[in-house]
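**Q** Next up is a structure, given as structure tokens.
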Amino acid sequence: MIEHPEDQLSAYLDDELNAEERQRVEDHIEECESCQALLEDLLVMQSELAQTFRQIQEPAHLEVRVLQSISEEKIPTAAEKGWAFGFLMMVLTFGIFWFLSGSVLVKLIHGLLKLTAAMVYAASHFILSVPVLTGLTVVLSSVILAVSAYSLRRLLQTTAN
Amino acid sequence: MVDEELNHIIHRARRGDKEAFAQLVNRYKGHVYRYAAGMLGDRMDAEDVSQEAFIKVYYSLSGLDNEYAFSSWIIRIVSNLCKDRLKKRAKEQRLRDEPDEAIADRHLPDPLEKLSIEEAMARLTVDHREILLLHEVQGYRYEEIADILEVPLGTVKSRLFAARMALRKELGKEDRG
Ligand SMILES: [Zn+2]
């Protein structure tokens, strides 16, 4: 049984075989009609394929559109830079403020935490309270809240002076 | 076969010269567009992808380390974009849940139907379509294709042969020869 070097035919067509391989294929083709026919088919197909795609016209003004979208894309980049700059300035401002008034801020946060604790306390009691005690709880919570708020205000006043 | 003028244009475009970049697009748009048209089988999509590819080229031109490889480099960019788009299309097809007809069509071509080259190409696998375009249309040698696809030379040879046989089958030439 003859072995047809069909896969070699394709490379033979493209002139991608070395001298020895090429010789072997040529020797075979000379005596094999089916390989001759296949080679002919591949050749025709190759030129049809190339011709079909040569006829496809590229878009006329692609470079204009490409340049247009490049300059359009530039704008968001600049905006991004603006945002980054703004953010940097904000961080810087905050940093300076922090540096100059560290002690005030620590006290402020401390006061706020106290106030929050009181509010949480009041809320939890509001929800869980027995009807009879509700009034008492509200009053108690309000007192705590008022005291907290007062102490926070005083705290701020004393640091401001 | 890289001419000095081209290298000069690439060099200028790399430094942000927009006029040089426009010249580069003008010179390579056919190369890129035909490849995309062959891969996607759709002119509108091909135009979109070509534009996308050149925008990508513009922003990554400074990273190109070898001006001699420009043509392979740009094809690699458009190739990746085409494959992404094909994947997206396949996903949309799955979501629309209408794969049966397409598959039936693919496996049982009407023996009386005469397909055009483009229609026959559209029925091939992505790998087969790609290698045929690279070789027959773009005119790359085996070694360049191996470089673009990042596969061994032997794979290029066998894949191109398989692609040709598949195209021949789709064109219905198989039994006439
Ligand atoms: Zn034979």
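In the structure tokens, the first chain shown is A, the next is B, and so on; residue numbers restart at 1 for each chain, and ligands run from 1 in the order shown.
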Within 9 Å of Gln8 in chain A, counting only C-alpha atoms, which residues qualify if same-chain residues fewer than 4 places away don't, as a PDB file with N, CA, C and O atoms, in the first residue's frame?
**A**
```pdb
ATOM      1  N   HIS A   4       0.538   8.182   0.936  1.00  0.00           N
ATOM      2  CA  HIS A   4       0.515   9.498   0.291  1.00  0.00           C
ATOM      3  C   HIS A   4       1.027  10.558   1.261  1.00  0.00           C
ATOM      4  O   HIS A   4       0.478  10.696   2.340  1.00  0.00           O
ATOM      5  N   TYR A  12       4.832  21.615   0.741  1.00  0.00           N
ATOM      6  CA  TYR A  12       5.504  21.668  -0.566  1.00  0.00           C
ATOM      7  C   TYR A  12       4.979  22.855  -1.375  1.00  0.00           C
ATOM      8  O   TYR A  12       5.736  23.615  -1.972  1.00  0.00           O
ATOM      9  N   LEU A  13       3.682  23.014  -1.331  1.00  0.00           N
ATOM     10  CA  LEU A  13       3.001  24.124  -2.007  1.00  0.00           C
ATOM     11  C   LEU A  13       3.536  25.473  -1.524  1.00  0.00           C
ATOM     12  O   LEU A  13       3.652  26.427  -2.289  1.00  0.00           O
ATOM     13  N   LEU A  17       9.619  23.163   2.553  1.00  0.00           N
ATOM     14  CA  LEU A  17      10.292  21.881   2.782  1.00  0.00           C
ATOM     15  C   LEU A  17      11.792  22.045   2.515  1.00  0.00           C
ATOM     16  O   LEU A  17      12.189  22.893   1.715  1.00  0.00           O
ATOM     17  N   GLU A  21      13.199  16.639   1.580  1.00  0.00           N
ATOM     18  CA  GLU A  21      11.749  16.430   1.660  1.00  0.00           C
ATOM     19  C   GLU A  21      11.068  16.786   0.332  1.00  0.00           C
ATOM     20  O   GLU A  21      10.171  16.084  -0.130  1.00  0.00           O
ATOM     21  N   ARG A  22      11.552  17.862  -0.247  1.00  0.00           N
ATOM     22  CA  ARG A  22      10.947  18.325  -1.504  1.00  0.00           C
ATOM     23  C   ARG A  22      11.128  17.267  -2.602  1.00  0.00           C
ATOM     24  O   ARG A  22      10.209  16.964  -3.355  1.00  0.00           O
ATOM     25  N   VAL A  25       8.708  14.385  -2.149  1.00  0.00           N
ATOM     26  CA  VAL A  25       7.345  14.728  -2.576  1.00  0.00           C
ATOM     27  C   VAL A  25       7.264  14.735  -4.111  1.00  0.00           C
ATOM     28  O   VAL A  25       6.333  14.169  -4.706  1.00  0.00           O
TER      29      VAL A  25
ATOM     30  N   LYS B 157       2.719  23.685  10.416  1.00  0.00           N
ATOM     31  CA  LYS B 157       2.674  22.856   9.208  1.00  0.00           C
ATOM     32  C   LYS B 157       1.447  21.933   9.210  1.00  0.00           C
ATOM     33  O   LYS B 157       0.686  21.905   8.239  1.00  0.00           O
ATOM     34  N   SER B 158       1.243  21.229  10.321  1.00  0.00           N
ATOM     35  CA  SER B 158       0.128  20.275  10.351  1.00  0.00           C
ATOM     36  C   SER B 158      -1.220  20.989  10.441  1.00  0.00           C
ATOM     37  O   SER B 158      -2.203  20.551   9.837  1.00  0.00           O
ATOM     38  N   PHE B 161      -2.202  22.366   7.030  1.00  0.00           N
ATOM     39  CA  PHE B 161      -2.686  21.272   6.173  1.00  0.00           C
ATOM     40  C   PHE B 161      -4.120  20.894   6.555  1.00  0.00           C
ATOM     41  O   PHE B 161      -4.989  20.785   5.686  1.00  0.00           O
TER      42      PHE B 161
END
```
**Q** Pull out every residue of chain A that has at least one atom within 7 Å of chain B, counting only C-alpha atoms, and report them as a PyMOL selection string.
**A** chain A and resi 7+10-11+37+46+49-50+53+56+58+62-63+66+70
**Q** Can you write out as a tab-separated table which residues of chain A fall within 10 Å of ligand 1, alongside each residue's closest atom pair and its distance in Å to one decimal, counting only C-alpha atoms and all ligand atoms and ordering rows by chain and ascending residue number?
**A**
```
residue	atom	partner	partner_atom_place_in_ligand_line	distance
A:Ile2	CA	ligand 1	1 (Zn)	7.3
A:Glu3	CA	ligand 1	1 (Zn)	6.7
A:His4	CA	ligand 1	1 (Zn)	3.9
A:Pro5	CA	ligand 1	1 (Zn)	6.4
A:Glu6	CA	ligand 1	1 (Zn)	7.0
A:Leu9	CA	ligand 1	1 (Zn)	9.3
A:Val25	CA	ligand 1	1 (Zn)	8.9
A:His28	CA	ligand 1	1 (Zn)	6.3
A:Ile29	CA	ligand 1	1 (Zn)	6.3
A:Glu30	CA	ligand 1	1 (Zn)	9.0
A:Glu31	CA	ligand 1	1 (Zn)	7.7
A:Cys32	CA	ligand 1	1 (Zn)	4.6
A:Glu33	CA	ligand 1	1 (Zn)	6.7
A:Ser34	CA	ligand 1	1 (Zn)	5.5
A:Cys35	CA	ligand 1	1 (Zn)	4.1
A:Gln36	CA	ligand 1	1 (Zn)	7.3
A:Ala37	CA	ligand 1	1 (Zn)	9.2
A:Leu38	CA	ligand 1	1 (Zn)	8.7
A:Leu39	CA	ligand 1	1 (Zn)	9.8
```
**Q** I need the residue nearest Ile144 in chain A from this list: A:Leu67, A:Met119, A:Ala84, A:His110. Use only C-alpha atoms for the distance.
**A**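 Of all the options, A:Met119 lies closest to Ile144 in chain A.
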**Q** As a PyMOL selection string, please: every residue in chain B that a backbone DSSP assignment puts in alpha helix (DSSP H).
**A** chain B and resi 4-14+18-40+43-60+70-96+99-107+117-122+126-132+142-149+153-170
**Q** Would you work out the distance separating CA of Asn7 in chain B from CA of Ser71 in chain A, expressed in Å to one decimal?
**A**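 So the two atoms, CA of Asn7 in chain B and CA of Ser71 in chain A, lie 24.4 Å apart.
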